[in-house]
>>> print(open('input_35.cif').read())   # mmCIF, C-alpha atoms
data_data
loop_
_atom_site.label_atom_id
_atom_site.label_comp_id
_atom_site.auth_asym_id
_atom_site.auth_seq_id
_atom_site.Cartn_x
_atom_site.Cartn_y
_atom_site.Cartn_z
CA MET H 1 -52.03 156.19 -9.13
CA ASN H 2 -50.06 158.73 -7.16
CA PHE H 3 -50.18 156.92 -3.84
CA ARG H 4 -46.55 156.31 -3.03
CA TYR H 5 -47.23 154.49 0.20
CA ARG H 6 -48.54 150.93 0.06
CA ASP H 7 -49.32 148.66 2.93
CA TRP H 8 -46.57 146.07 3.36
CA ARG H 9 -49.15 143.28 3.00
CA ILE H 10 -49.90 144.40 -0.56
CA ILE H 11 -46.20 144.35 -1.40
CA ALA H 12 -45.85 140.92 0.22
CA ARG H 13 -48.63 139.54 -1.98
CA PHE H 14 -47.20 141.25 -5.05
CA ARG H 15 -43.82 139.59 -4.46
CA GLY H 16 -45.36 136.17 -3.84
CA LEU H 17 -44.70 136.20 -0.11
CA PRO H 18 -47.85 135.26 1.77
CA GLY H 19 -47.73 134.18 5.41
CA LEU H 20 -45.56 137.02 6.68
CA HIS H 21 -46.40 138.79 9.92
CA SER H 22 -44.66 142.15 9.80
CA SER H 23 -42.88 144.60 7.57
CA ARG H 24 -39.65 143.46 9.25
CA GLU H 25 -40.23 139.93 7.99
CA LEU H 26 -41.10 141.31 4.56
CA ARG H 27 -37.80 143.23 4.47
CA GLN H 28 -35.92 140.01 5.34
CA ALA H 29 -37.85 138.07 2.69
CA LEU H 30 -37.13 140.72 0.06
CA LEU H 31 -33.43 140.57 0.91
CA LEU H 32 -33.63 136.82 0.30
CA GLN H 33 -35.01 137.53 -3.16
CA MET H 34 -32.07 139.75 -4.09
CA THR H 35 -28.88 138.60 -5.77
CA PRO H 36 -25.75 138.35 -3.56
CA THR H 37 -24.36 141.49 -5.22
CA GLU H 38 -27.52 143.46 -4.47
CA VAL H 39 -27.49 142.26 -0.86
CA GLU H 40 -23.83 143.22 -0.49
CA THR H 41 -24.52 146.69 -1.94
CA TYR H 42 -27.47 147.12 0.43
CA HIS H 43 -25.40 146.19 3.50
CA ARG H 44 -22.45 148.30 2.41
CA ARG H 45 -24.62 151.40 1.88
CA HIS H 46 -26.46 150.77 5.14
CA ARG H 47 -23.20 150.48 7.08
CA TRP H 48 -21.96 153.74 5.54
CA MET H 49 -25.20 155.47 6.40
CA ILE H 50 -24.99 154.36 10.03
CA ALA H 51 -21.34 155.39 10.25
CA VAL H 52 -22.08 158.89 8.89
CA MET H 53 -25.09 159.35 11.19
CA LEU H 54 -23.11 158.18 14.23
CA ALA H 55 -20.32 160.58 13.31
CA LEU H 56 -22.87 163.40 13.07
CA ALA H 57 -24.39 162.43 16.43
CA VAL H 58 -20.95 162.43 18.09
CA ALA H 59 -20.06 165.76 16.44
CA PHE H 60 -23.24 167.35 17.79
CA ALA H 61 -22.53 165.91 21.23
CA LEU H 62 -19.08 167.53 21.19
CA LEU H 63 -20.40 170.85 19.87
CA MET H 64 -23.31 171.11 22.30
CA PRO H 65 -22.41 169.09 25.37
CA MET H 66 -25.26 168.76 27.89
CA SER H 67 -27.38 171.21 25.93
CA PRO H 68 -31.13 170.62 25.52
CA ARG H 69 -30.62 171.42 21.84
CA LEU H 70 -28.52 168.27 21.59
CA LEU H 71 -31.65 166.14 21.84
CA VAL H 72 -33.22 168.08 18.97
CA ALA H 73 -30.04 167.64 16.92
CA TRP H 74 -30.00 163.91 17.58
CA PHE H 75 -33.65 163.69 16.62
CA LEU H 76 -32.89 165.48 13.35
CA VAL H 77 -30.00 163.08 12.71
CA PHE H 78 -32.39 160.17 13.23
CA VAL H 79 -34.95 161.73 10.85
CA LEU H 80 -32.18 162.25 8.29
CA TYR H 81 -31.15 158.60 8.69
CA ARG H 82 -34.72 157.42 8.10
CA LEU H 83 -35.04 159.60 5.00
CA ARG H 84 -31.75 158.31 3.60
CA TYR H 85 -32.67 154.72 4.45
CA TRP H 86 -35.71 154.94 2.19
CA SER H 87 -33.38 155.12 -0.80
CA ILE H 88 -32.05 151.62 -0.09
CA ASP H 89 -34.98 150.09 1.78
CA PRO H 90 -36.03 146.85 0.02
CA ILE H 91 -39.70 147.58 0.82
CA THR H 92 -39.51 151.05 -0.72
CA LEU H 93 -37.84 149.63 -3.82
CA ALA H 94 -40.46 146.87 -4.09
CA THR H 95 -43.21 149.49 -3.61
CA LYS H 96 -41.80 151.52 -6.50
CA GLU H 97 -41.75 148.39 -8.63
CA TYR H 98 -45.35 147.65 -7.64
CA ASN H 99 -46.43 151.20 -8.52
CA ARG H 100 -44.78 150.92 -11.94
CA TYR H 101 -46.50 147.58 -12.49
CA LEU H 102 -49.86 149.02 -11.43
CA GLU H 103 -49.44 152.07 -13.64
CA ALA H 104 -48.63 149.91 -16.66
CA PHE H 105 -51.60 147.66 -15.86
CA VAL H 106 -54.03 150.58 -15.58
CA GLN H 107 -52.72 152.11 -18.81
CA GLN H 108 -53.17 148.80 -20.59
CA GLN H 109 -56.71 148.46 -19.21
CA GLY H 110 -57.51 151.99 -20.36
CA GLU H 111 -56.15 151.25 -23.82
CA THR H 112 -58.19 148.04 -24.05
CA THR H 113 -61.37 149.86 -23.01
CA ARG H 114 -60.72 152.66 -25.51
CA GLN H 115 -60.16 150.11 -28.30
CA GLN H 116 -63.33 148.24 -27.36
CA ARG H 117 -65.35 151.46 -27.51
CA ILE H 118 -63.87 152.31 -30.93
CA ASP H 119 -64.64 148.78 -32.18
CA ALA H 120 -68.22 149.06 -30.88
CA GLY H 121 -68.60 152.43 -32.65
CA LEU H 122 -69.26 154.31 -29.41
CA MET G 1 -28.17 116.43 18.70
CA GLY G 2 -28.27 120.12 17.77
CA LYS G 3 -31.42 121.92 16.67
CA ARG G 4 -30.37 121.98 13.03
CA ALA G 5 -29.49 118.28 13.04
CA LYS G 6 -32.90 117.53 14.55
CA ILE G 7 -34.67 119.57 11.87
CA ILE G 8 -32.64 117.90 9.12
CA ALA G 9 -33.46 114.44 10.48
CA GLU G 10 -37.14 115.34 10.59
CA ILE G 11 -37.14 116.68 7.03
CA GLU G 12 -35.27 113.58 5.85
CA ARG G 13 -37.95 111.42 7.49
CA GLN G 14 -40.75 113.36 5.78
CA ILE G 15 -39.24 113.43 2.32
CA GLY G 16 -38.30 109.75 2.71
CA ARG G 17 -41.99 109.06 2.20
CA LEU G 18 -41.93 110.74 -1.20
CA GLU G 19 -40.80 109.06 -4.38
CA ASP G 20 -37.01 109.08 -4.51
CA GLN G 21 -36.71 110.81 -7.87
CA PRO G 22 -36.20 114.27 -9.38
CA GLY G 23 -39.10 116.60 -10.16
CA GLN G 24 -40.52 116.71 -6.65
CA CYS G 25 -39.07 120.05 -5.57
CA LEU G 26 -42.49 121.55 -4.79
CA TYR G 27 -43.21 118.78 -2.27
CA TYR G 28 -39.71 118.82 -0.84
CA ALA G 29 -40.01 122.57 -0.30
CA HIS G 30 -43.44 122.13 1.29
CA HIS G 31 -42.18 119.60 3.86
CA THR G 32 -39.06 121.64 4.53
CA ALA G 33 -41.01 124.86 5.13
CA THR G 34 -43.57 123.08 7.32
CA ILE G 35 -40.92 121.55 9.58
CA LEU G 36 -38.93 124.77 9.79
CA TRP G 37 -42.08 126.60 10.90
CA GLN G 38 -42.83 123.89 13.45
CA HIS G 39 -39.40 124.58 14.93
CA GLY G 40 -40.08 128.31 15.08
CA LEU G 41 -38.01 129.29 12.05
CA PRO G 42 -40.04 131.59 9.78
CA ALA G 43 -39.54 130.32 6.27
CA VAL G 44 -40.74 131.46 2.87
CA ILE G 45 -41.20 129.52 -0.33
CA GLN G 46 -38.85 130.67 -3.05
CA ALA G 47 -39.20 129.65 -6.66
CA GLY G 48 -37.36 130.52 -9.83
CA SER G 49 -34.21 129.17 -11.44
CA LEU G 50 -31.40 126.95 -10.22
CA GLN G 51 -28.07 126.42 -11.96
CA TRP G 52 -25.67 123.83 -10.57
CA PRO G 53 -22.21 123.17 -12.11
CA ARG G 54 -21.95 119.75 -13.72
CA VAL G 55 -18.33 120.13 -14.85
CA ARG G 56 -15.23 121.38 -13.07
CA ARG G 57 -14.13 124.95 -13.77
CA ALA G 58 -10.98 123.64 -15.48
CA GLU G 59 -13.15 121.84 -18.05
CA ASP G 60 -14.93 125.01 -19.13
CA ASP G 61 -13.78 125.63 -22.70
CA GLY G 62 -16.32 128.35 -23.32
CA GLN G 63 -18.38 126.01 -25.51
CA ILE G 64 -19.88 123.29 -23.31
CA ASP G 65 -22.90 123.65 -21.04
CA THR G 66 -21.22 124.08 -17.70
CA HIS G 67 -24.38 123.89 -15.59
CA PHE G 68 -27.36 121.65 -15.11
CA ALA G 69 -30.29 123.98 -14.65
CA TYR G 70 -33.97 124.36 -14.02
CA MET G 71 -34.77 127.70 -15.59
CA TRP G 72 -38.00 129.64 -15.01
CA THR G 73 -39.12 130.19 -18.59
CA PRO G 74 -42.93 130.31 -18.46
CA THR G 75 -43.33 131.40 -22.09
CA ASP G 76 -41.22 128.54 -23.39
CA PRO G 77 -43.37 126.03 -25.39
CA GLU G 78 -42.04 123.12 -23.31
CA SER G 79 -43.06 124.84 -20.08
CA ALA G 80 -46.50 125.63 -21.49
CA LEU G 81 -46.93 122.00 -22.54
CA SER G 82 -45.85 120.81 -19.10
CA VAL G 83 -48.47 123.06 -17.47
CA ALA G 84 -51.12 121.81 -19.92
CA LEU G 85 -50.30 118.27 -18.82
CA GLY G 86 -50.88 119.22 -15.20
CA ASN G 87 -47.23 119.50 -14.21
CA LEU G 88 -45.08 122.41 -13.16
CA PRO G 89 -43.42 124.51 -15.85
CA GLU G 90 -39.64 124.33 -15.84
CA MET G 91 -38.73 125.90 -12.52
CA HIS G 92 -37.23 125.11 -9.16
CA VAL G 93 -38.70 125.56 -5.69
CA TRP G 94 -36.76 125.87 -2.45
CA VAL G 95 -37.06 127.50 0.97
CA GLY G 96 -35.60 130.66 2.49
CA ILE G 97 -35.20 131.23 6.23
CA LEU G 98 -35.93 134.86 7.06
CA SER G 99 -34.07 135.37 10.32
CA SER G 100 -30.78 133.83 9.23
CA GLN G 101 -31.03 134.72 5.51
CA GLU G 102 -30.28 131.12 4.56
CA ILE G 103 -31.64 128.91 1.81
CA VAL G 104 -32.54 125.27 2.27
CA ASP G 105 -32.91 122.79 -0.56
CA PHE G 106 -33.21 119.04 -0.07
CA THR G 107 -33.45 118.19 -3.77
CA THR G 108 -29.75 118.62 -4.54
CA ARG G 109 -29.27 114.83 -4.09
CA HIS G 110 -31.24 114.29 -7.33
CA LEU G 111 -29.43 116.80 -9.53
CA ARG G 112 -26.79 114.41 -10.82
CA SER G 113 -29.24 111.63 -11.68
CA ALA G 114 -31.58 114.17 -13.32
CA ALA G 115 -28.73 115.44 -15.49
CA GLU G 116 -27.56 111.96 -16.40
CA ALA G 117 -31.10 110.92 -17.27
CA ARG G 118 -31.02 113.70 -19.86
CA GLY G 119 -27.73 112.42 -21.27
CA MET G 120 -25.55 115.06 -19.62
CA ALA G 121 -22.24 113.84 -18.25
CA TRP G 122 -21.46 114.94 -14.68
CA THR G 123 -17.75 115.38 -13.96
CA ALA G 124 -17.97 117.92 -11.15
CA ALA G 125 -18.12 116.88 -7.51
CA ASP G 126 -21.38 115.25 -6.47
CA PRO G 127 -23.87 117.75 -5.07
CA PRO G 128 -24.53 117.39 -1.33
CA ARG G 129 -27.63 115.53 -0.10
CA TYR G 130 -29.06 118.90 0.86
CA LEU G 131 -28.05 122.54 0.72
CA TRP G 132 -28.41 124.70 3.83
CA SER G 133 -26.31 127.77 3.31
CA PRO G 134 -26.40 131.56 3.56
CA ALA G 135 -28.22 132.93 0.52
CA ALA G 136 -25.37 135.31 -0.20
CA SER G 137 -22.66 132.62 -0.22
CA THR G 138 -23.88 129.53 -2.00
CA PRO G 139 -21.20 127.05 -3.17
CA ASP G 140 -18.93 128.13 -6.01
CA TRP G 141 -20.77 128.48 -9.36
CA VAL G 142 -24.13 127.57 -7.84
CA VAL G 143 -26.90 130.06 -8.67
CA TYR G 144 -30.32 130.24 -7.05
CA ARG G 145 -32.40 133.02 -8.61
CA PRO G 146 -35.85 133.60 -7.12
CA ASP G 147 -38.54 135.06 -9.33
CA ARG G 148 -41.69 136.90 -8.27
CA ASP G 149 -44.04 135.17 -10.71
CA ALA G 150 -42.54 131.73 -10.05
CA SER G 151 -42.94 132.24 -6.29
CA ILE G 152 -46.57 133.31 -6.71
CA TYR G 153 -47.17 130.28 -8.91
CA ALA G 154 -45.61 127.87 -6.39
CA CYS G 155 -47.43 129.44 -3.42
CA THR G 156 -50.78 129.31 -5.26
CA LEU G 157 -50.29 125.61 -5.98
CA LEU G 158 -49.21 124.82 -2.42
CA LYS G 159 -52.14 126.79 -1.01
CA ARG G 160 -54.53 124.80 -3.19
CA LEU G 161 -52.88 121.44 -2.45
CA PHE G 162 -52.15 121.67 1.27
CA ASP G 163 -53.34 125.06 2.62
CA PRO G 164 -50.14 124.97 4.69
CA VAL G 165 -49.49 126.86 7.93
CA TYR G 166 -46.57 128.80 6.50
CA LEU G 167 -48.88 130.48 3.97
CA LYS G 168 -51.39 131.58 6.59
CA ARG G 169 -51.07 135.01 8.11
CA GLY G 170 -51.42 135.25 11.86
CA TRP G 171 -50.27 131.70 12.50
CA ARG G 172 -47.58 131.24 15.11
#
>>> encode(input="input_35.cif", output="structure tokens")
Amino acid sequence: MNFRYRDWRIIARFRGLPGLHSSRELRQALLLQMTPTEVETYHRRHRWMIAVMLALAVAFALLMPMSPRLLVAWFLVFVLYRLRYWSIDPITLATKEYNRYLEAFVQQQGETTRQQRIDAGL
Amino acid sequence: MGKRAKIIAEIERQIGRLEDQPGQCLYYAHHTATILWQHGLPAVIQAGSLQWPRVRRAEDDGQIDTHFAYMWTPTDPESALSVALGNLPEMHVWVGILSSQEIVDFTTRHLRSAAEARGMAWTAADPPRYLWSPAASTPDWVVYRPDRDASIYACTLLKRLFDPVYLKRGWR
């Protein structure tokens, strides 16, 4: 159970959200399932993240004006943004919850099987 | 007539065919979601708990039940009995619109009569005929709390009863 990535459709089913068409819709639906405080925290952290990344992008543009390395720097800023976004992404959080659920389920199944084998004298 | 007014009128027409009494939230949500989808608004079924204030804030003495509520409590004996009788457990079902992050609930008109039928006095302002508001800013003291298991339960029932378009993937 070490697969950290799950298809968004699995997460949608897990959260009782059939009928969605994309991970974007799933993200919106998961936001609807959060409490107002959680939504506010999400938006606040997201705004901060964008502000910091934009500041970094502008700083690089000032440090390396018209340099080909600027594109690389901007790309790295974007990658950094994506990595940071994972920490607040509703889909990532729901995936973690799903993995915990699955792990507990598998453990319980294993325990039941073990007990059944003991009871059967195997 | 604006788009929202048109949708509301259409939903009112549909739910007008249902019995005018509490306890029909699953059907109200079904008609609401269907009409929203027909108008191109992607909607999801949400189910869980609803708490609506039945007294004014000034009357809260820290002792009385301030809210009338449908709480998702599947392990509660009353909920189990209700399921055994072929009804829903204690829960509430409403609709969420994805793009605008709003919730829509046309059952609010029945909250006062439902509370009074259970002997609870209602001194707060009457609930509106319907609620269509941003999920993050519902009216003061009003709490809608979706639950994963409740939503799965409601969707499973709706799928079995109506096989509705809003639960089909690839429909649009």
>>> residues_near_point(input="input_35.cif", point="(-38.9, 124.5, -5.5)", cutoff="12 Å", atoms="only C-alpha atoms", output="ChimeraX atom specification")
/G:22-33,44-50,70-72,88-96,103-108,144-147,150-155,157-158
>>> resolve_selection(input="input_35.cif", expression="the PyMOL selection byres ((chain G and resi 68) around 12)", output="JSON, numbers by chain")
{"G": [49, 50, 51, 52, 53, 54, 55, 64, 65, 66, 67, 69, 70, 71, 108, 110, 111, 112, 113, 114, 115, 116, 117, 118, 119, 120, 121, 122, 123, 124, 127, 141, 142, 143]}
>>> closest_residue(input="input_35.cif", among="G:Pro74, G:Asp60, G:Ala43, G:Asp126", to="chain H", atoms="all atoms listed in the file")
G:Ala43
>>> atom_distance(input="input_35.cif", atom1="atom CA of H:Arg24", atom2="atom CA of G:Arg4")
23.7 Å
>>> closest_atom_pairs(input="input_35.cif", of="chain H", to="chain G", cutoff="6 Å", atoms="only C-alpha atoms", output="JSON lines")
{"residue": "H:Arg15", "atom": "CA", "partner": "G:Arg148", "partner_atom": "CA", "distance": 5.1}
{"residue": "H:Gly16", "atom": "CA", "partner": "G:Ile152", "partner_atom": "CA", "distance": 4.2}
{"residue": "H:Pro18", "atom": "CA", "partner": "G:Leu167", "partner_atom": "CA", "distance": 5.4}
{"residue": "H:Gly19", "atom": "CA", "partner": "G:Leu167", "partner_atom": "CA", "distance": 4.1}
{"residue": "H:Gln28", "atom": "CA", "partner": "G:Leu98", "partner_atom": "CA", "distance": 5.4}
{"residue": "H:Ala29", "atom": "CA", "partner": "G:Leu98", "partner_atom": "CA", "distance": 5.8}
{"residue": "H:Gln33", "atom": "CA", "partner": "G:Pro146", "partner_atom": "CA", "distance": 5.6}
{"residue": "H:Pro36", "atom": "CA", "partner": "G:Ala136", "partner_atom": "CA", "distance": 4.5}
>>> write_last_selection(input="input_35.cif", atoms="C-alpha atoms", output="PDB file, keeping the file's coordinate frame")
ATOM      1  CA  ARG H  15     -43.820 139.590  -4.460  1.00  0.00           C
ATOM      2  CA  GLY H  16     -45.360 136.170  -3.840  1.00  0.00           C
ATOM      3  CA  PRO H  18     -47.850 135.260   1.770  1.00  0.00           C
ATOM      4  CA  GLY H  19     -47.730 134.180   5.410  1.00  0.00           C
ATOM      5  CA  GLN H  28     -35.920 140.010   5.340  1.00  0.00           C
ATOM      6  CA  ALA H  29     -37.850 138.070   2.690  1.00  0.00           C
ATOM      7  CA  GLN H  33     -35.010 137.530  -3.160  1.00  0.00           C
ATOM      8  CA  PRO H  36     -25.750 138.350  -3.560  1.00  0.00           C
TER       9      PRO H  36
END
>>> residues_near_point(input="input_35.cif", point="(-27.1, 154.1, -4.4)", cutoff="10 Å", atoms="only C-alpha atoms", output="ChimeraX atom specification")
/H:41-42,45,87-88
>>> resolve_selection(input="input_35.cif", expression="the PyMOL selection byres ((chain H and resi 30) around 9)", output="number ranges by chain")
H: 12, 15, 17, 25-29, 31-34, 90-91, 94
>>> atom_distance(input="input_35.cif", atom1="atom CA of H:Trp8", atom2="atom CA of H:Glu103")
18.3 Å
>>> atom_distance(input="input_35.cif", atom1="atom CA of H:Gln109", atom2="atom CA of H:Tyr5")
22.4 Å
>>> resolve_selection(input="input_35.cif", expression="the PyMOL selection byres ((chain H and resi 96) around 12)", output="list in words")
Met1, Asn2, Phe3, Arg4, Tyr5, Arg6, Ile11, Phe14, Trp86, Ser87, Ile88, Asp89, Pro90, Ile91, Thr92, Leu93, Ala94, Thr95, Glu97, Tyr98, Asn99, Arg100, Tyr101, Leu102 and Glu103 of chain H
